[in-house]
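Participant: If it helps, the file is called data.txt and holds compact mmCIF, C-alpha atoms and all ligand atoms:
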# COMPACT_ATOMS: atom_id res chain seq x y z
CA MET A 1 0.00 0.00 0.00
CA CYS A 2 1.22 3.48 -0.89
CA LEU A 3 0.35 6.93 0.30
CA SER A 4 -1.26 9.13 -2.30
CA GLN A 5 -2.76 12.59 -2.35
CA SER A 6 -6.17 11.06 -1.70
CA THR A 7 -5.13 8.92 1.29
CA ALA A 8 -6.78 9.27 4.71
CA LEU A 9 -4.34 7.70 7.16
CA PHE A 10 -5.58 6.21 10.44
CA LEU A 11 -3.04 4.98 12.97
CA ASP A 12 -3.43 2.91 16.10
CA PHE A 13 -0.98 3.85 18.88
CA ASP A 14 0.16 1.01 21.22
CA GLY A 15 1.86 -1.79 19.34
CA THR A 16 1.77 0.25 16.11
CA LEU A 17 3.51 3.59 16.73
CA VAL A 18 5.18 2.53 20.01
CA GLU A 19 6.35 -0.86 21.24
CA ILE A 20 4.27 -2.59 23.92
CA ALA A 21 5.74 -1.99 27.39
CA ASP A 22 5.15 -3.60 30.78
CA HIS A 23 3.15 -0.63 32.04
CA PRO A 24 1.00 1.85 30.03
CA HIS A 25 3.14 4.78 31.29
CA ASP A 26 6.40 3.12 30.26
CA VAL A 27 6.03 3.26 26.49
CA VAL A 28 8.85 5.08 24.72
CA VAL A 29 7.89 7.60 22.06
CA SER A 30 10.69 8.00 19.49
CA GLU A 31 11.76 11.63 19.30
CA PHE A 32 11.16 11.79 15.55
CA LEU A 33 7.59 10.45 15.77
CA PRO A 34 5.50 13.52 16.74
CA PRO A 35 7.05 15.82 14.08
CA LEU A 36 6.81 13.04 11.48
CA LEU A 37 3.09 12.61 12.17
CA VAL A 38 2.41 16.34 12.11
CA GLN A 39 4.28 16.79 8.80
CA LEU A 40 2.44 13.88 7.22
CA SER A 41 -0.87 15.23 8.46
CA ARG A 42 -0.16 18.58 6.83
CA LYS A 43 0.80 16.90 3.54
CA LEU A 44 -2.49 14.97 3.69
CA ASP A 45 -4.44 18.20 4.33
CA GLY A 46 -5.32 17.02 7.86
CA ARG A 47 -6.49 13.54 6.83
CA LEU A 48 -4.32 11.74 9.37
CA ALA A 49 -5.79 10.64 12.69
CA ILE A 50 -4.64 8.54 15.62
CA VAL A 51 -7.43 6.11 16.59
CA THR A 52 -6.57 4.69 19.99
CA GLY A 53 -8.02 2.90 22.98
CA ARG A 54 -6.27 5.40 25.22
CA SER A 55 -8.00 8.59 26.29
CA ILE A 56 -6.92 11.67 24.32
CA ALA A 57 -5.48 13.14 27.54
CA ALA A 58 -3.37 10.01 28.15
CA LEU A 59 -2.18 10.03 24.54
CA GLU A 60 -1.14 13.68 24.74
CA ALA A 61 0.63 13.02 28.04
CA LEU A 62 2.90 10.71 26.02
CA LEU A 63 3.14 12.55 22.69
CA GLY A 64 2.92 16.07 24.07
CA PRO A 65 0.17 18.42 22.90
CA ILE A 66 0.05 17.53 19.23
CA SER A 67 -1.68 19.11 16.24
CA LEU A 68 -3.48 16.00 15.00
CA ALA A 69 -6.99 14.66 14.67
CA ILE A 70 -7.56 11.95 17.30
CA ALA A 71 -10.27 9.48 18.28
CA GLY A 72 -9.67 8.30 21.86
CA SER A 73 -11.19 5.80 24.28
CA HIS A 74 -12.10 3.38 21.42
CA GLY A 75 -14.13 6.06 19.64
CA GLY A 76 -15.76 7.43 22.80
CA GLU A 77 -14.09 10.83 22.32
CA PHE A 78 -13.38 12.57 19.05
CA ARG A 79 -11.18 15.45 17.94
CA PRO A 80 -12.15 15.94 14.30
CA ALA A 81 -9.19 18.13 13.31
CA ALA A 82 -5.84 19.18 14.68
CA ASP A 83 -6.88 22.10 16.82
CA ALA A 84 -10.59 21.39 17.23
CA GLU A 85 -12.40 20.85 20.53
CA ILE A 86 -12.77 17.29 21.81
CA GLU A 87 -16.32 15.97 21.34
CA PRO A 88 -17.54 13.37 23.87
CA LEU A 89 -19.55 10.73 21.99
CA ALA A 90 -20.68 8.61 24.90
CA ALA A 91 -22.05 9.06 28.40
CA PRO A 92 -19.45 8.90 31.19
CA LEU A 93 -18.74 5.46 32.66
CA PRO A 94 -20.65 5.03 35.97
CA GLY A 95 -18.31 5.48 38.96
CA ALA A 96 -19.65 2.24 40.45
CA VAL A 97 -18.03 0.30 37.60
CA VAL A 98 -14.58 1.70 38.37
CA ASP A 99 -15.18 1.08 42.12
CA GLU A 100 -15.96 -2.57 41.41
CA LEU A 101 -12.92 -2.97 39.13
CA ASN A 102 -10.72 -1.42 41.83
CA ARG A 103 -12.17 -3.85 44.39
CA PHE A 104 -11.46 -6.78 42.07
CA ALA A 105 -7.94 -5.46 41.36
CA ARG A 106 -7.08 -5.19 45.06
CA ALA A 107 -8.45 -8.66 45.80
CA SER A 108 -6.43 -10.13 42.90
CA GLY A 109 -2.97 -9.02 43.96
CA GLY A 110 -2.96 -5.48 42.66
CA LEU A 111 -4.00 -5.38 38.99
CA LEU A 112 -3.71 -2.02 37.28
CA VAL A 113 -7.04 -0.25 36.68
CA GLU A 114 -6.89 2.53 34.08
CA PRO A 115 -10.02 4.71 34.26
CA LYS A 116 -10.84 6.76 31.17
CA PRO A 117 -13.75 9.13 30.46
CA PHE A 118 -15.92 6.52 28.73
CA SER A 119 -14.30 3.22 29.60
CA ALA A 120 -11.98 1.54 32.07
CA ALA A 121 -9.17 -0.87 31.32
CA ILE A 122 -8.00 -3.51 33.75
CA HIS A 123 -4.53 -4.86 32.98
CA TYR A 124 -3.58 -8.43 33.89
CA ARG A 125 -0.11 -8.53 32.23
CA HIS A 126 1.54 -9.26 35.60
CA HIS A 127 -1.20 -11.60 36.88
CA PRO A 128 -2.25 -13.83 33.96
CA GLU A 129 -3.71 -16.39 36.36
CA VAL A 130 -6.64 -14.09 37.20
CA LEU A 131 -7.99 -14.06 33.63
CA PRO A 132 -10.94 -16.46 34.18
CA ASN A 133 -12.14 -14.52 37.24
CA LEU A 134 -11.51 -11.20 35.51
CA ARG A 135 -13.59 -12.31 32.53
CA ALA A 136 -16.44 -13.25 34.88
CA CYS A 137 -16.17 -9.94 36.75
CA THR A 138 -16.20 -7.78 33.59
CA GLU A 139 -19.00 -9.82 31.99
CA SER A 140 -21.12 -9.40 35.07
CA LEU A 141 -20.47 -5.63 35.13
CA ALA A 142 -21.25 -5.41 31.40
CA ALA A 143 -24.60 -7.17 31.94
CA GLU A 144 -25.51 -5.05 34.98
CA PHE A 145 -24.59 -1.65 33.49
CA GLY A 146 -25.21 -2.30 29.76
CA LEU A 147 -21.54 -1.98 28.81
CA ALA A 148 -19.47 -3.39 25.96
CA ILE A 149 -16.33 -5.46 26.53
CA LYS A 150 -13.12 -5.17 24.54
CA HIS A 151 -10.19 -7.57 24.78
CA GLY A 152 -6.69 -6.28 24.07
CA LYS A 153 -3.11 -7.22 24.83
CA LYS A 154 -3.24 -8.49 28.44
CA VAL A 155 -6.09 -6.11 29.10
CA ILE A 156 -9.89 -6.21 29.29
CA GLU A 157 -11.82 -3.00 28.89
CA VAL A 158 -15.41 -2.18 29.73
CA THR A 159 -16.71 0.64 27.58
CA MET A 160 -19.87 2.63 27.18
CA PRO A 161 -21.73 1.05 24.25
CA GLY A 162 -22.08 2.51 20.76
CA SER A 163 -18.54 3.28 19.71
CA ASP A 164 -15.51 1.38 18.55
CA LYS A 165 -12.62 2.02 16.20
CA GLY A 166 -14.84 1.25 13.19
CA SER A 167 -17.38 3.91 14.17
CA ALA A 168 -14.48 6.34 14.75
CA VAL A 169 -13.20 5.76 11.19
CA GLU A 170 -16.74 6.23 9.82
CA ARG A 171 -17.11 9.47 11.74
CA PHE A 172 -13.89 10.83 10.23
CA MET A 173 -14.84 9.66 6.73
CA ALA A 174 -18.16 11.56 7.02
CA LEU A 175 -16.32 14.87 7.53
CA PRO A 176 -16.04 17.16 4.47
CA ALA A 177 -12.23 17.11 4.75
CA PHE A 178 -12.25 13.31 4.25
CA ASP A 179 -14.81 13.24 1.45
CA GLY A 180 -13.71 10.93 -1.38
CA ALA A 181 -10.50 9.90 0.42
CA ILE A 182 -9.20 6.33 0.36
CA PRO A 183 -8.55 5.23 3.94
CA ILE A 184 -5.62 3.18 5.23
CA PHE A 185 -5.83 1.91 8.83
CA ILE A 186 -2.67 0.53 10.46
CA GLY A 187 -3.07 -1.41 13.71
CA ASP A 188 -1.99 -4.49 15.65
CA ASP A 189 -4.76 -5.40 18.05
CA VAL A 190 -8.06 -7.27 17.99
CA THR A 191 -9.86 -3.98 18.65
CA ASP A 192 -8.43 -2.71 15.34
CA GLU A 193 -10.46 -5.31 13.44
CA ASP A 194 -13.58 -3.05 13.53
CA ALA A 195 -11.50 -0.38 11.78
CA PHE A 196 -10.05 -2.84 9.25
CA ALA A 197 -13.64 -3.78 8.35
CA ALA A 198 -14.67 -0.12 8.19
CA VAL A 199 -11.93 0.97 5.76
CA ARG A 200 -12.92 -1.82 3.36
CA ARG A 201 -16.36 -0.20 3.07
CA TYR A 202 -14.56 2.81 1.52
CA ASP A 203 -12.37 0.65 -0.76
CA GLY A 204 -9.51 1.28 1.63
CA GLU A 205 -6.94 -0.99 3.15
CA GLY A 206 -6.27 -2.42 6.61
CA VAL A 207 -2.66 -3.07 7.54
CA LEU A 208 -2.00 -5.57 10.31
CA VAL A 209 1.10 -4.94 12.40
CA GLY A 210 2.80 -8.06 13.76
CA ALA A 211 2.67 -11.78 13.11
CA PRO A 212 0.07 -13.12 10.65
CA ARG A 213 -3.33 -14.04 12.15
CA PRO A 214 -6.91 -14.24 10.93
CA THR A 215 -7.80 -10.61 10.15
CA ALA A 216 -9.84 -8.29 7.95
CA ALA A 217 -6.61 -6.44 7.12
CA THR A 218 -5.27 -7.00 3.61
CA SER A 219 -1.62 -6.04 4.14
CA ARG A 220 0.88 -6.53 6.94
CA LEU A 221 3.92 -4.88 8.44
CA ASP A 222 6.17 -6.86 10.80
CA GLY A 223 6.30 -4.42 13.69
CA VAL A 224 6.65 -0.87 14.99
CA ALA A 225 10.03 -0.32 13.29
CA GLU A 226 8.49 -1.23 9.91
CA VAL A 227 5.58 1.17 10.54
CA HIS A 228 8.07 3.96 11.26
CA ARG A 229 10.00 3.15 8.08
CA TRP A 230 6.78 3.11 6.03
CA LEU A 231 5.73 6.52 7.42
CA GLU A 232 9.19 7.98 6.78
CA ALA A 233 9.23 6.61 3.24
CA GLY A 234 5.79 8.15 2.68
CA LEU A 235 7.00 11.57 3.78
CA GLU A 236 10.15 11.23 1.67
CA ALA A 237 8.02 10.40 -1.38
CA VAL A 238 6.01 13.54 -0.74
CA HIS A 239 9.15 15.66 -0.53
CA LYS A 240 10.56 14.14 -3.72
CA GLY A 241 7.33 14.92 -5.53
CA ASP A 242 6.52 11.21 -5.93
CA PHE A 243 3.18 11.60 -4.19
CA ARG A 244 0.72 9.78 -6.40
CA PRO A 245 -2.36 11.79 -7.45
O1 LIG B 301 -5.69 1.24 20.72
P1 LIG B 301 -4.29 1.31 21.21
O2 LIG B 301 -3.65 2.62 20.93
O3 LIG B 301 -3.46 0.16 20.73
O4 LIG B 301 -4.40 1.19 22.79
C1 LIG B 301 -4.80 -0.05 23.36
C2 LIG B 301 -4.52 -0.05 24.84
O5 LIG B 301 -3.13 0.28 24.97
C3 LIG B 301 -2.59 0.40 26.28
O6 LIG B 301 -2.43 -0.89 26.84
C4 LIG B 301 -1.56 -1.72 26.08
O7 LIG B 301 -0.26 -1.13 26.00
C5 LIG B 301 0.45 -1.01 27.27
C6 LIG B 301 1.75 -0.31 26.99
O8 LIG B 301 2.48 -0.97 26.00
C7 LIG B 301 0.64 -2.41 27.86
O9 LIG B 301 1.31 -2.30 29.11
C8 LIG B 301 -0.73 -3.09 28.03
O10 LIG B 301 -0.54 -4.42 28.48
C9 LIG B 301 -1.46 -3.10 26.70
O11 LIG B 301 -2.77 -3.63 26.86
C10 LIG B 301 -3.44 1.31 27.14
O12 LIG B 301 -3.01 1.23 28.47
C11 LIG B 301 -4.93 1.01 27.02
O13 LIG B 301 -5.67 2.05 27.67
C12 LIG B 301 -5.32 1.02 25.55
O14 LIG B 301 -6.71 0.77 25.40
Once you've parsed the file, please lay out its structure as structure tokens.
Facilitator:
Amino acid sequence: MCLSQSTALFLDFDGTLVEIADHPHDVVVSEFLPPLLVQLSRKLDGRLAIVTGRSIAALEALLGPISLAIAGSHGGEFRPAADAEIEPLAAPLPGAVVDELNRFARASGGLLVEPKPFSAAIHYRHHPEVLPNLRACTESLAAEFGLAIKHGKKVIEVTMPGSDKGSAVERFMALPAFDGAIPIFIGDDVTDEDAFAAVRRYDGEGVLVGAPRPTAATSRLDGVAEVHRWLEAGLEAVHKGDFRP
């Protein structure tokens, strides 16, 4: 897949732009990454967005305040353009859900609970043995409060219903700035599958990052380093005037 003047580029964050780390705060953002993304976004007339499970605030705590469109919290919050206001797209997660996850986390040896505006993630990377009980706990909360469940890398998230990465892509593609664009979504996780399916509806392309697995993506890059190289090559092509119309 190649960048062209009509590309809309959607990028997952963890496992795609940064390597997975032991703790969500420990990811390392390469120094060149924020300026690379901003330059590419400008070349694409703003049609570049990060679509992440993290909250927008958590993402900007890692990247710094950045002039990019972003969908955060699995599509629960939406910044349609670089310097636009953040739009909440879901109701806030009930506090009782986070209380219950915290209670479960304490009783299970200290799992990490990551509250976000419209969802909460509970990380079991350091306690894989709790997974069956954690599944039961989150399923029971989902049934009681009408929540959706998302499974990620050593994490289960309970989210307010109605949004996912596919709906986030559709929301961007409905904006005038994205009209007629051909989307590319690059991501590594199961939660990126909704977005891979969404881009196909616009004749676009999903790009799986990591080892081959059953997926709706139609291309693959081996890992974060390959994603960085692909983005750099895209920007170089733009500078050399090789940007395809
Ligand atoms: O949609 P993404 O941008 O890929 O975000 C998905 C989740 O990423 C974070 O958790 C994952 O990455 C952590 C850091 O590498 C890792 O420690 C954790 O085990 C992974 O699940 C983030 O903390 C979550 O909020 C995101 O939803």
Participant: Residues within 6 Å of ligand LIG 301 (chain B) should be enumerated using all atoms listed in the file and returned as a PyMOL selection string.
Facilitator: chain A and resi 12-15+20-24+27+52-54+121+125+152-155
Participant: Hey, can you check how far CA of Asp188 (chain A) sits from CA of Phe104 (chain A)?
Facilitator: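 Between these atoms lies a distance of 28.2 Å.
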Participant: Neighbours of Pro183 (chain A) within 10 Å (all atoms listed in the file; same-chain residues fewer than 6 positions away dropped), as a VMD selection string?
Facilitator: chain A and resid 3 6 to 10 47 to 48 169 172 to 173 196 198 to 206
Participant: Tell me, in Å to one decimal, how far CA of Val113 (chain A) is from CA of Ala49 (chain A).
Facilitator: 26.4 Å
Participant: What lies within 12 Å of region 147-151 of chain A using all atoms listed in the file, ignoring chain neighbours under 5 positions off, as JSON, numbers by chain?
Facilitator: {"A": [53, 73, 74, 76, 90, 91, 92, 93, 94, 97, 118, 119, 120, 121, 122, 123, 124, 131, 134, 135, 136, 137, 138, 139, 140, 141, 142, 156, 157, 158, 159, 160, 161, 162, 163, 164, 165, 189, 190, 191, 192, 193, 194]}
Participant: Report the distance between CA of Arg171 (chain A) and CA of Leu17 (chain A) in Å, rounded to one decimal place.
Facilitator: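 CA of Leu17 (chain A) lies at a distance of 22.0 Å from CA of Arg171 (chain A).
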Participant: I need the residue nearest Ala57 (chain A) from this list: A:Gln5, A:Val38, A:Val29, A:Lys116. Use all atoms listed in the file for the distance.
Facilitator: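 Once distances to Ala57 (chain A) are computed over all atoms listed in the file, the minimum belongs to A:Lys116.
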Participant: Can you work out which one of A:Leu44, A:Ala168, A:Pro34, A:His228 has the shortest atom-to-atom distance to Ile70 (chain A), counting all atoms listed in the file?
Facilitator: A:Ala168
Participant: Could you name the residues that touch Pro212 (chain A) at 10 Å or less, counting only C-alpha atoms, but leaving out those on the same chain fewer than 5 positions away, as an mmCIF file with C-alpha atoms, in the coordinates of the input?
Facilitator:
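New file out_22.cif:
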data_model
loop_
_atom_site.group_PDB
_atom_site.id
_atom_site.type_symbol
_atom_site.label_atom_id
_atom_site.label_comp_id
_atom_site.auth_asym_id
_atom_site.auth_seq_id
_atom_site.Cartn_x
_atom_site.Cartn_y
_atom_site.Cartn_z
ATOM 1 C CA SER A 219 -1.620 -6.040 4.140
ATOM 2 C CA ARG A 220 0.880 -6.530 6.940
ATOM 3 C CA LEU A 221 3.920 -4.880 8.440
ATOM 4 C CA ASP A 222 6.170 -6.860 10.800
#
Participant: Determine the nearest neighbour of Ala217 (chain A) from the options A:Ala195, A:Val130, A:Leu112, A:Ala105, counting all atoms listed in the file.
Facilitator: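 Using all atoms listed in the file, the shortest distance to Ala217 (chain A) belongs to A:Ala195.
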